[in-house]
Every structure is written in C-alpha cells, then in structure tokens.
file my_file31.pdb (PDB, C-alpha atoms and all ligand atoms)
ATOM      1  CA  MET A  25      15.795 -36.878   2.774
ATOM      2  CA  SER A  26      13.698 -40.029   2.553
ATOM      3  CA  THR A  27      16.642 -41.815   0.951
ATOM      4  CA  VAL A  28      19.040 -40.986   3.750
ATOM      5  CA  THR A  29      22.205 -43.042   3.551
ATOM      6  CA  ALA A  30      23.727 -45.130   6.312
ATOM      7  CA  GLU A  31      26.699 -42.761   6.325
ATOM      8  CA  GLN A  32      24.421 -39.734   6.827
ATOM      9  CA  ILE A  33      22.686 -41.496   9.697
ATOM     10  CA  THR A  34      26.039 -42.179  11.345
ATOM     11  CA  ASP A  35      27.050 -38.532  11.004
ATOM     12  CA  LEU A  36      23.681 -37.288  12.285
ATOM     13  CA  ASN A  37      23.838 -39.587  15.301
ATOM     14  CA  ALA A  38      27.281 -38.263  16.182
ATOM     15  CA  ALA A  39      25.992 -34.687  15.956
ATOM     16  CA  PHE A  40      22.707 -35.365  17.780
ATOM     17  CA  GLU A  41      24.488 -36.949  20.777
ATOM     18  CA  LYS A  42      25.664 -33.446  21.708
ATOM     19  CA  GLN A  43      22.439 -31.606  20.917
ATOM     20  CA  ALA A  44      19.345 -30.788  22.949
ATOM     21  CA  PRO A  45      16.167 -32.709  22.050
ATOM     22  CA  GLN A  46      14.563 -29.458  20.936
ATOM     23  CA  ASP A  47      17.333 -29.000  18.345
ATOM     24  CA  ILE A  48      16.834 -32.558  17.098
ATOM     25  CA  LEU A  49      13.097 -31.950  16.816
ATOM     26  CA  ARG A  50      13.687 -28.680  14.966
ATOM     27  CA  TRP A  51      15.936 -30.517  12.491
ATOM     28  CA  ALA A  52      13.245 -33.176  12.024
ATOM     29  CA  VAL A  53      10.507 -30.602  11.442
ATOM     30  CA  GLU A  54      12.657 -28.640   8.986
ATOM     31  CA  THR A  55      13.595 -31.850   7.168
ATOM     32  CA  TYR A  56      10.267 -33.688   7.082
ATOM     33  CA  GLY A  57       7.582 -31.044   7.736
ATOM     34  CA  THR A  58       4.132 -32.601   8.039
ATOM     35  CA  GLY A  59       5.660 -35.915   6.929
ATOM     36  CA  LEU A  60       6.822 -36.222  10.517
ATOM     37  CA  ALA A  61       4.567 -38.007  13.018
ATOM     38  CA  SER A  62       4.920 -38.429  16.757
ATOM     39  CA  VAL A  63       3.900 -41.835  18.112
ATOM     40  CA  THR A  64       3.154 -41.874  21.811
ATOM     41  CA  SER A  65       1.515 -43.916  24.538
ATOM     42  CA  PHE A  66       1.518 -40.835  26.810
ATOM     43  CA  GLN A  67       4.304 -42.063  29.051
ATOM     44  CA  PRO A  68       6.325 -39.226  30.673
ATOM     45  CA  THR A  69       8.923 -39.085  27.875
ATOM     46  CA  GLY A  70       6.177 -38.845  25.276
ATOM     47  CA  ILE A  71       4.549 -36.000  27.200
ATOM     48  CA  VAL A  72       7.865 -34.103  27.237
ATOM     49  CA  ILE A  73       8.148 -34.557  23.463
ATOM     50  CA  LEU A  74       4.577 -33.362  22.904
ATOM     51  CA  HIS A  75       5.275 -30.296  25.030
ATOM     52  CA  MET A  76       8.440 -29.521  23.047
ATOM     53  CA  LEU A  77       6.588 -30.021  19.747
ATOM     54  CA  ARG A  78       3.885 -27.664  20.926
ATOM     55  CA  GLU A  79       6.476 -24.886  20.822
ATOM     56  CA  ILE A  80       8.302 -26.063  17.694
ATOM     57  CA  ALA A  81       5.606 -27.523  15.411
ATOM     58  CA  PRO A  82       2.161 -27.843  17.044
ATOM     59  CA  GLU A  83       0.637 -29.127  13.815
ATOM     60  CA  THR A  84       2.688 -32.325  13.955
ATOM     61  CA  PRO A  85       0.422 -35.381  13.602
ATOM     62  CA  VAL A  86       0.267 -37.466  16.784
ATOM     63  CA  LEU A  87      -0.579 -41.164  16.718
ATOM     64  CA  THR A  88      -1.537 -43.272  19.704
ATOM     65  CA  LEU A  89      -2.769 -46.831  20.030
ATOM     66  CA  ASP A  90      -6.126 -47.267  21.689
ATOM     67  CA  THR A  91      -6.161 -51.003  22.306
ATOM     68  CA  GLY A  92      -9.500 -50.775  24.100
ATOM     69  CA  LEU A  93      -7.681 -52.108  27.156
ATOM     70  CA  LEU A  94      -6.070 -48.997  28.619
ATOM     71  CA  PHE A  95      -6.494 -47.905  32.224
ATOM     72  CA  PRO A  96      -9.185 -45.276  32.937
ATOM     73  CA  GLU A  97      -6.351 -43.049  34.175
ATOM     74  CA  THR A  98      -4.661 -43.328  30.770
ATOM     75  CA  TYR A  99      -7.817 -42.417  28.859
ATOM     76  CA  ALA A 100      -8.310 -39.413  31.161
ATOM     77  CA  LEU A 101      -4.727 -38.290  30.556
ATOM     78  CA  ILE A 102      -5.059 -38.614  26.773
ATOM     79  CA  ASP A 103      -8.267 -36.554  26.809
ATOM     80  CA  ASP A 104      -6.623 -33.909  28.991
ATOM     81  CA  LEU A 105      -3.494 -33.560  26.846
ATOM     82  CA  GLU A 106      -5.410 -33.655  23.574
ATOM     83  CA  ALA A 107      -7.433 -30.629  24.723
ATOM     84  CA  ARG A 108      -4.610 -28.842  26.565
ATOM     85  CA  PHE A 109      -2.103 -29.074  23.679
ATOM     86  CA  ASP A 110      -4.751 -28.974  20.918
ATOM     87  CA  LEU A 111      -3.175 -32.116  19.489
ATOM     88  CA  ARG A 112      -3.748 -33.389  15.960
ATOM     89  CA  LEU A 113      -4.325 -36.759  17.554
ATOM     90  CA  THR A 114      -5.321 -39.978  15.813
ATOM     91  CA  ARG A 115      -6.350 -42.862  18.060
ATOM     92  CA  LEU A 116      -5.499 -46.019  16.158
ATOM     93  CA  GLN A 117      -7.768 -48.925  16.947
ATOM     94  CA  PRO A 118      -7.483 -52.652  16.286
ATOM     95  CA  GLU A 119      -9.649 -54.333  13.678
ATOM     96  CA  LEU A 120     -11.368 -56.419  16.351
ATOM     97  CA  THR A 121     -13.055 -55.021  19.428
ATOM     98  CA  VAL A 122     -12.102 -56.690  22.696
ATOM     99  CA  GLU A 123     -15.396 -58.591  22.578
ATOM    100  CA  ARG A 124     -14.894 -59.809  18.985
ATOM    101  CA  GLN A 125     -11.356 -60.881  19.808
ATOM    102  CA  ALA A 126     -12.708 -62.941  22.717
ATOM    103  CA  GLU A 127     -15.268 -64.562  20.430
ATOM    104  CA  GLN A 128     -12.681 -65.490  17.796
ATOM    105  CA  TYR A 129      -9.629 -66.283  19.946
ATOM    106  CA  GLY A 130     -11.081 -67.022  23.374
ATOM    107  CA  ALA A 131     -11.225 -64.880  26.495
ATOM    108  CA  ALA A 132      -8.116 -63.156  27.856
ATOM    109  CA  LEU A 133      -5.877 -63.920  24.883
ATOM    110  CA  TRP A 134      -3.210 -61.763  26.574
ATOM    111  CA  GLU A 135      -2.831 -64.450  29.254
ATOM    112  CA  ARG A 136      -2.196 -67.226  26.718
ATOM    113  CA  GLU A 137      -0.665 -65.555  23.680
ATOM    114  CA  PRO A 138       0.388 -61.988  24.468
ATOM    115  CA  ASN A 139       2.487 -61.755  21.299
ATOM    116  CA  LEU A 140      -0.565 -62.481  19.150
ATOM    117  CA  CYS A 141      -2.681 -60.076  21.193
ATOM    118  CA  CYS A 142      -0.063 -57.292  20.833
ATOM    119  CA  ALA A 143       0.295 -58.048  17.131
ATOM    120  CA  MET A 144      -3.433 -57.556  16.563
ATOM    121  CA  ARG A 145      -4.077 -54.722  18.999
ATOM    122  CA  LYS A 146      -0.844 -52.735  18.709
ATOM    123  CA  THR A 147       1.561 -53.480  15.892
ATOM    124  CA  ALA A 148      -0.974 -54.144  13.101
ATOM    125  CA  PRO A 149      -2.905 -50.867  13.534
ATOM    126  CA  LEU A 150       0.346 -48.901  13.693
ATOM    127  CA  ASP A 151       1.977 -50.751  10.798
ATOM    128  CA  ALA A 152      -1.079 -49.957   8.657
ATOM    129  CA  VAL A 153      -0.410 -46.206   8.807
ATOM    130  CA  LEU A 154       3.158 -45.537   9.898
ATOM    131  CA  GLY A 155       4.688 -46.138   6.471
ATOM    132  CA  GLN A 156       2.741 -43.110   5.192
ATOM    133  CA  TYR A 157       5.123 -40.874   7.113
ATOM    134  CA  PRO A 158       8.741 -40.410   5.985
ATOM    135  CA  ALA A 159       9.791 -40.050   9.624
ATOM    136  CA  TRP A 160       8.421 -40.716  13.087
ATOM    137  CA  ILE A 161       9.275 -39.819  16.659
ATOM    138  CA  THR A 162       9.296 -42.217  19.578
ATOM    139  CA  GLY A 163       9.841 -41.710  23.303
ATOM    140  CA  LEU A 164      12.388 -44.502  23.736
ATOM    141  CA  ARG A 165      15.200 -43.852  26.240
ATOM    142  CA  ARG A 166      18.364 -45.852  26.790
ATOM    143  CA  ASP A 167      17.891 -46.054  30.549
ATOM    144  CA  GLN A 168      14.443 -47.689  30.296
ATOM    145  CA  SER A 169      15.746 -51.242  29.995
ATOM    146  CA  GLU A 170      18.777 -53.275  29.040
ATOM    147  CA  GLY A 171      17.255 -53.950  25.636
ATOM    148  CA  ARG A 172      16.902 -50.213  24.970
ATOM    149  CA  GLY A 173      20.419 -49.415  26.166
ATOM    150  CA  THR A 174      21.834 -48.831  22.678
ATOM    151  CA  THR A 175      18.862 -46.968  21.190
ATOM    152  CA  PRO A 176      20.178 -44.616  18.472
ATOM    153  CA  ILE A 177      18.770 -41.107  18.242
ATOM    154  CA  ILE A 178      18.175 -41.539  14.509
ATOM    155  CA  SER A 179      17.899 -44.817  12.636
ATOM    156  CA  TRP A 180      16.463 -46.353   9.506
ATOM    157  CA  ASP A 181      13.293 -48.260  10.377
ATOM    158  CA  ARG A 182      13.380 -51.212   7.998
ATOM    159  CA  LYS A 183       9.961 -52.435   9.022
ATOM    160  CA  HIS A 184       8.164 -49.216   8.139
ATOM    161  CA  GLY A 185      10.567 -47.951   5.480
ATOM    162  CA  ASN A 186      11.166 -44.605   7.151
ATOM    163  CA  ILE A 187      13.315 -42.704   9.610
ATOM    164  CA  LYS A 188      12.829 -43.266  13.334
ATOM    165  CA  LEU A 189      13.848 -40.600  15.820
ATOM    166  CA  ALA A 190      14.323 -40.976  19.570
ATOM    167  CA  PRO A 191      15.188 -37.384  20.531
ATOM    168  CA  LEU A 192      15.240 -38.148  24.264
ATOM    169  CA  ALA A 193      17.285 -41.356  23.964
ATOM    170  CA  THR A 194      20.085 -39.876  26.073
ATOM    171  CA  TRP A 195      17.845 -38.478  28.796
ATOM    172  CA  THR A 196      17.468 -40.176  32.159
ATOM    173  CA  GLU A 197      14.217 -40.797  33.974
ATOM    174  CA  SER A 198      15.170 -38.104  36.454
ATOM    175  CA  MET A 199      15.656 -35.540  33.660
ATOM    176  CA  VAL A 200      12.214 -36.369  32.286
ATOM    177  CA  TRP A 201      10.521 -35.890  35.655
ATOM    178  CA  THR A 202      12.418 -32.668  36.288
ATOM    179  CA  TYR A 203      11.026 -31.343  32.978
ATOM    180  CA  ILE A 204       7.469 -32.557  33.752
ATOM    181  CA  HIS A 205       7.474 -30.856  37.147
ATOM    182  CA  ALA A 206       9.207 -27.684  35.900
ATOM    183  CA  TYR A 207       6.438 -27.107  33.346
ATOM    184  CA  GLU A 208       3.725 -28.516  35.640
ATOM    185  CA  LEU A 209       2.653 -30.992  32.980
ATOM    186  CA  PRO A 210      -0.029 -33.594  33.670
ATOM    187  CA  TYR A 211       1.013 -37.222  33.874
ATOM    188  CA  ASN A 212      -0.630 -40.588  34.434
ATOM    189  CA  ALA A 213      -1.925 -40.804  38.029
ATOM    190  CA  LEU A 214      -0.736 -44.431  38.187
ATOM    191  CA  HIS A 215       2.907 -43.282  38.223
ATOM    192  CA  ASP A 216       2.335 -42.192  41.826
ATOM    193  CA  GLN A 217       1.223 -45.757  42.658
ATOM    194  CA  ASN A 218       4.460 -47.510  41.586
ATOM    195  CA  TYR A 219       3.546 -48.030  37.951
ATOM    196  CA  PRO A 220       6.650 -46.672  36.175
ATOM    197  CA  SER A 221       5.672 -48.075  32.756
ATOM    198  CA  ILE A 222       2.006 -48.231  31.827
ATOM    199  CA  GLY A 223       0.404 -50.213  29.029
ATOM    200  CA  CYS A 224      -2.829 -52.200  28.813
ATOM    201  CA  TYR A 225      -4.377 -52.945  32.196
ATOM    202  CA  PRO A 226      -4.305 -56.769  31.883
ATOM    203  CA  CYS A 227      -0.524 -56.687  31.259
ATOM    204  CA  THR A 228       0.655 -53.980  33.643
ATOM    205  CA  ARG A 229       1.491 -54.341  37.325
ATOM    206  CA  ALA A 230       2.936 -52.084  39.990
ATOM    207  CA  VAL A 231       6.628 -52.772  40.746
ATOM    208  CA  ALA A 232       8.947 -52.408  43.709
ATOM    209  CA  ALA A 233      10.226 -48.860  44.046
ATOM    210  CA  ASP A 234      13.814 -49.885  43.242
ATOM    211  CA  GLY A 235      12.921 -52.506  40.605
ATOM    212  CA  ASP A 236      13.362 -52.683  36.822
ATOM    213  CA  LYS A 237      11.161 -49.940  35.409
ATOM    214  CA  ARG A 238       9.558 -52.307  32.911
ATOM    215  CA  ALA A 239       9.297 -55.276  35.300
ATOM    216  CA  GLY A 240       5.571 -54.711  35.660
ATOM    217  CA  ARG A 241       4.889 -55.343  31.970
ATOM    218  CA  TRP A 242       3.753 -58.842  30.851
ATOM    219  CA  VAL A 243       4.550 -60.385  34.228
ATOM    220  CA  GLY A 244       4.957 -64.168  33.927
ATOM    221  CA  HIS A 245       5.785 -64.038  30.208
ATOM    222  CA  ASN A 246       9.140 -64.002  28.444
ATOM    223  CA  LYS A 247       8.204 -60.712  26.826
ATOM    224  CA  THR A 248       9.547 -57.213  27.324
ATOM    225  CA  GLU A 249       8.357 -55.326  24.229
ATOM    226  CA  CYS A 250       5.030 -55.171  22.398
ATOM    227  CA  GLY A 251       6.761 -55.481  19.014
ATOM    228  CA  ILE A 252       6.544 -51.888  17.780
ATOM    229  CA  HIS A 253      10.231 -51.289  18.463
ATOM    230  CA  VAL A 254      11.478 -54.657  17.234
ATOM    231  CA  GLN A 255      13.197 -54.397  13.870
ATOM    232  CA  SER A 256      12.350 -56.925  11.172
ATOM    233  CA  ASN A 257      15.215 -58.167   9.019
TER     234      ASN A 257
HETATM  235  S1  LIG A 301      -0.280 -55.252  26.185
HETATM  236 FE1  LIG A 301      -1.483 -57.100  26.741
HETATM  237  S2  LIG A 301      -3.658 -56.587  26.429
HETATM  238 FE2  LIG A 301      -2.389 -55.015  25.406
HETATM  239  S3  LIG A 301      -2.274 -55.696  23.304
HETATM  240 FE3  LIG A 301      -0.441 -56.509  24.336
HETATM  241  S4  LIG A 301      -0.999 -58.564  25.141
HETATM  242 FE4  LIG A 301      -2.911 -57.489  24.523
END
call {"tool": "encode", "arguments": {"input": "my_file31.pdb", "output": "structure tokens"}}
result
Amino acid sequence: MSTVTAEQITDLNAAFEKQAPQDILRWAVETYGTGLASVTSFQPTGIVILHMLREIAPETPVLTLDTGLLFPETYALIDDLEARFDLRLTRLQPELTVERQAEQYGAALWEREPNLCCAMRKTAPLDAVLGQYPAWITGLRRDQSEGRGTTPIISWDRKHGNIKLAPLATWTESMVWTYIHAYELPYNALHDQNYPSIGCYPCTRAVAADGDKRAGRWVGHNKTECGIHVQSN
C-alpha cells in the first residue's frame, strides 16, 4: 500500500473518523507490518499510543529524538517506559553534540536561531531515517493548537515519502489523561508543574493553567512547531 492514492486516503480518513484508535493501529499493523514506526517524544498522547501498540504489535519500532537537551524528568520517563514496555526504541541523536554545536555556531543557538537549532537537532536526525519506513505514527491531536486543528488521521507525508498516521487526532486532552490514569501509566513529572507540552529544556516554560497548551514552547519567538510536522511542497 506504499502507493496509496489520494482517493484511498480520503476514503480511509472518512472511515477512521468513526473508529477507535486501536482499530486504526490494527489496520496500520496489518497493512505495513514492521514497515510501521512510531515516532514519539513521550508526551501523554504518545504514551497512550505506545500502550495500545504494546497490546497490538509490541515489536513496532519506536523512534525518539534525543537532542541532548531534554529535561532530566524526560530522560527518566523514557528509561522507565523503555523497560516497562520492552520497547524497540531507537534514540536518534544529532550529528553535533551540544558542545560541538556551541563551538561551531556559538553558545545557546536556540536563543538566536531556534529554527536552525531544531533543524540540526530534531528534523535532520529524523529525516535521515524516517523515509526507510513506509508508514509512521505520530501523537498529534487536533485540540493541541490552532495549527493542528485540521490534522488528518491518515495523510501522505510528502517530505518523507510515506504515510503518516495520527490515530488519536480526534481525542481530547481529557480523553488522553483519562486513559493514562485508567491504566496507571507513567507520565512526565513536569506535567504536574504546569508544563502541558514538554520539549528541550531551553525552549520550554510552564504556562498558566488555562493558557494555550503549547504557549510554553519557544517563548519570545514566532515559532510554534519544531519542523517535523511541517509539510514541504
Ligand atoms: S527545541 Fe530548542 S533546544 Fe531543542 S532543538 Fe529546538 S531550538 Fe534547539
């Protein structure tokens, strides 16, 4: 199904809108087998997906970006879930260490050129491997931000030349937390300190309890996404 047509994608999206995420994941596993990868930064939605995959296809490859700039709480969570779910986890790392990046581009590049920093530490390492998989899973949800409000459940990813699946696109934040608590799943300790969306520590702040869930990312910059979910034309 690597050459899925636009018409098939339209039909699948219509069907998936009425289906449970587990059914969408089962379809993906049956269709793509080990050619399916799950990409996660271990946010709550990603943890729900990993838990569902554990029941459906525990051998699914899992990719995460280790920028070298994650919070200690995030590293602890990744270690915990890798062991608990026996994940086939690959930690993708940038070409340059944080120290080498500082030598070549100056200290705290994220303060001056966050797009360049994200390109080197996030999108480049992922772009280098993601095209190897005919399909990949992301934890995007429509209620996360205005820009994600029209996220399709299945789409053709032009940048990586494969299928992109967002099986929890229709879920709300409340549904995700209900699932996490129902199964007593671990989650990032920073969520209990008003960090609803957690990325690298230099670019993540706590937000007001009733604020935009991604308002704490790249504060002071006209930037809302790292670039992974931005389609190239
Ligand atoms: S989130 Fe910040 S520190 Fe992390 S890669 Fe992007 S700009 Fe750099």
call {"tool": "residues_around", "arguments": {"input": "my_file31.pdb", "residues": "range 67-73 of chain A", "least_positions_apart": "4", "cutoff": "8 Å", "atoms": "all atoms listed in the file", "output": "list in words"}}
result
Leu77, Thr162, Gly163, Leu164, Leu192, Val200, Trp201, Tyr203, Ile204, Leu209, Tyr211, Asn212, Ser221 and Ile222 of chain A
call {"tool": "closest_atom_pairs", "arguments": {"input": "my_file31.pdb", "of": "chain A", "to": "ligand LIG 301 (chain A)", "cutoff": "8 Å", "atoms": "only C-alpha atoms and all ligand atoms", "output": "Markdown table"}}
result
| residue | atom | partner | partner_atom | distance |
| --- | --- | --- | --- | --- |
| A:Thr91 | CA | A:LIG301 | S3 | 6.2 |
| A:Leu93 | CA | A:LIG301 | S2 | 6.1 |
| A:Leu94 | CA | A:LIG301 | FE2 | 7.8 |
| A:Leu133 | CA | A:LIG301 | FE4 | 7.1 |
| A:Trp134 | CA | A:LIG301 | S4 | 4.1 |
| A:Glu135 | CA | A:LIG301 | S4 | 7.4 |
| A:Glu137 | CA | A:LIG301 | S4 | 7.1 |
| A:Pro138 | CA | A:LIG301 | S4 | 3.8 |
| A:Asn139 | CA | A:LIG301 | S4 | 6.1 |
| A:Leu140 | CA | A:LIG301 | S4 | 7.2 |
| A:Cys141 | CA | A:LIG301 | FE4 | 4.2 |
| A:Cys142 | CA | A:LIG301 | FE3 | 3.6 |
| A:Ala143 | CA | A:LIG301 | S3 | 7.1 |
| A:Met144 | CA | A:LIG301 | S3 | 7.1 |
| A:Arg145 | CA | A:LIG301 | S3 | 4.8 |
| A:Lys146 | CA | A:LIG301 | S3 | 5.7 |
| A:Gly223 | CA | A:LIG301 | S1 | 5.8 |
| A:Cys224 | CA | A:LIG301 | FE2 | 4.4 |
| A:Tyr225 | CA | A:LIG301 | S2 | 6.9 |
| A:Pro226 | CA | A:LIG301 | S2 | 5.5 |
| A:Cys227 | CA | A:LIG301 | FE1 | 4.6 |
| A:Thr228 | CA | A:LIG301 | S1 | 7.6 |
| A:Arg241 | CA | A:LIG301 | S1 | 7.8 |
| A:Trp242 | CA | A:LIG301 | FE1 | 6.9 |
| A:Cys250 | CA | A:LIG301 | FE3 | 6.0 |
call {"tool": "residues_near_point", "arguments": {"input": "my_file31.pdb", "point": "(15.0, -43.7, 16.2)", "cutoff": "12 Å", "atoms": "only C-alpha atoms", "output": "ChimeraX atom specification"}}
result
/A:33,36-37,40,48-49,52,62-63,159-166,172,174-182,184,186-194,252-255
call {"tool": "write_last_selection", "arguments": {"input": "my_file31.pdb", "atoms": "C-alpha atoms", "output": "PDB file, keeping the file's coordinate frame"}}
result
ATOM      1  CA  ILE A  33      22.686 -41.496   9.697  1.00  0.00           C
ATOM      2  CA  LEU A  36      23.681 -37.288  12.285  1.00  0.00           C
ATOM      3  CA  ASN A  37      23.838 -39.587  15.301  1.00  0.00           C
ATOM      4  CA  PHE A  40      22.707 -35.365  17.780  1.00  0.00           C
ATOM      5  CA  ILE A  48      16.834 -32.558  17.098  1.00  0.00           C
ATOM      6  CA  LEU A  49      13.097 -31.950  16.816  1.00  0.00           C
ATOM      7  CA  ALA A  52      13.245 -33.176  12.024  1.00  0.00           C
ATOM      8  CA  SER A  62       4.920 -38.429  16.757  1.00  0.00           C
ATOM      9  CA  VAL A  63       3.900 -41.835  18.112  1.00  0.00           C
ATOM     10  CA  ALA A 159       9.791 -40.050   9.624  1.00  0.00           C
ATOM     11  CA  TRP A 160       8.421 -40.716  13.087  1.00  0.00           C
ATOM     12  CA  ILE A 161       9.275 -39.819  16.659  1.00  0.00           C
ATOM     13  CA  THR A 162       9.296 -42.217  19.578  1.00  0.00           C
ATOM     14  CA  GLY A 163       9.841 -41.710  23.303  1.00  0.00           C
ATOM     15  CA  LEU A 164      12.388 -44.502  23.736  1.00  0.00           C
ATOM     16  CA  ARG A 165      15.200 -43.852  26.240  1.00  0.00           C
ATOM     17  CA  ARG A 166      18.364 -45.852  26.790  1.00  0.00           C
ATOM     18  CA  ARG A 172      16.902 -50.213  24.970  1.00  0.00           C
ATOM     19  CA  THR A 174      21.834 -48.831  22.678  1.00  0.00           C
ATOM     20  CA  THR A 175      18.862 -46.968  21.190  1.00  0.00           C
ATOM     21  CA  PRO A 176      20.178 -44.616  18.472  1.00  0.00           C
ATOM     22  CA  ILE A 177      18.770 -41.107  18.242  1.00  0.00           C
ATOM     23  CA  ILE A 178      18.175 -41.539  14.509  1.00  0.00           C
ATOM     24  CA  SER A 179      17.899 -44.817  12.636  1.00  0.00           C
ATOM     25  CA  TRP A 180      16.463 -46.353   9.506  1.00  0.00           C
ATOM     26  CA  ASP A 181      13.293 -48.260  10.377  1.00  0.00           C
ATOM     27  CA  ARG A 182      13.380 -51.212   7.998  1.00  0.00           C
ATOM     28  CA  HIS A 184       8.164 -49.216   8.139  1.00  0.00           C
ATOM     29  CA  ASN A 186      11.166 -44.605   7.151  1.00  0.00           C
ATOM     30  CA  ILE A 187      13.315 -42.704   9.610  1.00  0.00           C
ATOM     31  CA  LYS A 188      12.829 -43.266  13.334  1.00  0.00           C
ATOM     32  CA  LEU A 189      13.848 -40.600  15.820  1.00  0.00           C
ATOM     33  CA  ALA A 190      14.323 -40.976  19.570  1.00  0.00           C
ATOM     34  CA  PRO A 191      15.188 -37.384  20.531  1.00  0.00           C
ATOM     35  CA  LEU A 192      15.240 -38.148  24.264  1.00  0.00           C
ATOM     36  CA  ALA A 193      17.285 -41.356  23.964  1.00  0.00           C
ATOM     37  CA  THR A 194      20.085 -39.876  26.073  1.00  0.00           C
ATOM     38  CA  ILE A 252       6.544 -51.888  17.780  1.00  0.00           C
ATOM     39  CA  HIS A 253      10.231 -51.289  18.463  1.00  0.00           C
ATOM     40  CA  VAL A 254      11.478 -54.657  17.234  1.00  0.00           C
ATOM     41  CA  GLN A 255      13.197 -54.397  13.870  1.00  0.00           C
TER      42      GLN A 255
END
call {"tool": "residues_around", "arguments": {"input": "my_file31.pdb", "residues": "Asp104 in chain A", "least_positions_apart": "5", "cutoff": "10 Å", "atoms": "all atoms listed in the file", "output": "number ranges by chain"}}
result
A: 98-99, 109-110, 210-211
call {"tool": "resolve_selection", "arguments": {"input": "my_file31.pdb", "expression": "the PyMOL selection byres (((chain A and resi 53) around 12) and not hetatm)", "output": "JSON, numbers by chain"}}
result
{"A": [25, 46, 47, 48, 49, 50, 51, 52, 54, 55, 56, 57, 58, 59, 60, 61, 62, 76, 77, 78, 79, 80, 81, 82, 83, 84, 85, 158, 159, 160, 161, 189]}
call {"tool": "closest_residue", "arguments": {"input": "my_file31.pdb", "among": "A:Val86, A:Leu101, A:Leu113, A:Ala230", "to": "Asp216 in chain A", "atoms": "all atoms listed in the file"}}
result
A:Ala230
call {"tool": "atom_distance", "arguments": {"input": "my_file31.pdb", "atom1": "CA of Ala131 in chain A", "atom2": "CA of Ala148 in chain A"}}
result
20.0 Å
call {"tool": "resolve_selection", "arguments": {"input": "my_file31.pdb", "expression": "the PyMOL selection byres (((chain A and resi 152) around 12) and not hetatm)", "output": "mmCIF file with C-alpha atoms, keeping the file's coordinate frame"}}
result
data_model
loop_
_atom_site.group_PDB
_atom_site.id
_atom_site.type_symbol
_atom_site.label_atom_id
_atom_site.label_comp_id
_atom_site.auth_asym_id
_atom_site.auth_seq_id
_atom_site.Cartn_x
_atom_site.Cartn_y
_atom_site.Cartn_z
ATOM 1 C CA LEU A 87 -0.579 -41.164 16.718
ATOM 2 C CA LEU A 89 -2.769 -46.831 20.030
ATOM 3 C CA LEU A 116 -5.499 -46.019 16.158
ATOM 4 C CA GLN A 117 -7.768 -48.925 16.947
ATOM 5 C CA PRO A 118 -7.483 -52.652 16.286
ATOM 6 C CA GLU A 119 -9.649 -54.333 13.678
ATOM 7 C CA ALA A 143 0.295 -58.048 17.131
ATOM 8 C CA MET A 144 -3.433 -57.556 16.563
ATOM 9 C CA ARG A 145 -4.077 -54.722 18.999
ATOM 10 C CA LYS A 146 -0.844 -52.735 18.709
ATOM 11 C CA THR A 147 1.561 -53.480 15.892
ATOM 12 C CA ALA A 148 -0.974 -54.144 13.101
ATOM 13 C CA PRO A 149 -2.905 -50.867 13.534
ATOM 14 C CA LEU A 150 0.346 -48.901 13.693
ATOM 15 C CA ASP A 151 1.977 -50.751 10.798
ATOM 16 C CA VAL A 153 -0.410 -46.206 8.807
ATOM 17 C CA LEU A 154 3.158 -45.537 9.898
ATOM 18 C CA GLY A 155 4.688 -46.138 6.471
ATOM 19 C CA GLN A 156 2.741 -43.110 5.192
ATOM 20 C CA TYR A 157 5.123 -40.874 7.113
ATOM 21 C CA LYS A 183 9.961 -52.435 9.022
ATOM 22 C CA HIS A 184 8.164 -49.216 8.139
#
call {"tool": "atom_distance", "arguments": {"input": "my_file31.pdb", "atom1": "CA of Leu111 in chain A", "atom2": "CA of Leu74 in chain A"}}
result
8.6 Å
call {"tool": "atom_distance", "arguments": {"input": "my_file31.pdb", "atom1": "CA of Ile102 in chain A", "atom2": "CA of Thr88 in chain A"}}
result
9.2 Å
call {"tool": "build_atoms", "arguments": {"input": "my_file31.pdb", "residues": "range 154-165 of chain A", "atoms": "N, CA and C atoms", "output": "short mmCIF file (atom, residue, chain, number, x, y, z; two decimals), in the frame of the given file"}}
result
data_model
loop_
_atom_site.label_atom_id
_atom_site.label_comp_id
_atom_site.auth_asym_id
_atom_site.auth_seq_id
_atom_site.Cartn_x
_atom_site.Cartn_y
_atom_site.Cartn_z
N LEU A 154 1.88 -46.21 9.62
CA LEU A 154 3.16 -45.54 9.90
C LEU A 154 4.02 -45.35 8.65
N GLY A 155 3.91 -46.26 7.70
CA GLY A 155 4.69 -46.14 6.47
C GLY A 155 4.31 -44.93 5.62
N GLN A 156 3.16 -44.31 5.94
CA GLN A 156 2.74 -43.11 5.19
C GLN A 156 3.61 -41.91 5.54
N TYR A 157 4.31 -42.01 6.66
CA TYR A 157 5.12 -40.87 7.11
C TYR A 157 6.60 -41.15 6.83
N PRO A 158 7.31 -40.21 6.24
CA PRO A 158 8.74 -40.41 5.98
C PRO A 158 9.58 -40.52 7.27
N ALA A 159 9.03 -39.99 8.37
CA ALA A 159 9.79 -40.05 9.62
C ALA A 159 8.83 -40.06 10.80
N TRP A 160 9.26 -40.71 11.89
CA TRP A 160 8.42 -40.72 13.09
C TRP A 160 9.27 -40.60 14.34
N ILE A 161 8.61 -40.09 15.38
CA ILE A 161 9.28 -39.82 16.66
C ILE A 161 8.75 -40.80 17.70
N THR A 162 9.67 -41.33 18.48
CA THR A 162 9.30 -42.22 19.58
C THR A 162 9.90 -41.70 20.88
N GLY A 163 9.34 -42.14 22.00
CA GLY A 163 9.84 -41.71 23.30
C GLY A 163 10.81 -42.68 23.94
N LEU A 164 11.44 -43.55 23.16
CA LEU A 164 12.39 -44.50 23.74
C LEU A 164 13.56 -43.79 24.41
N ARG A 165 13.99 -44.34 25.56
CA ARG A 165 15.20 -43.85 26.24
C ARG A 165 16.11 -45.03 26.55
#
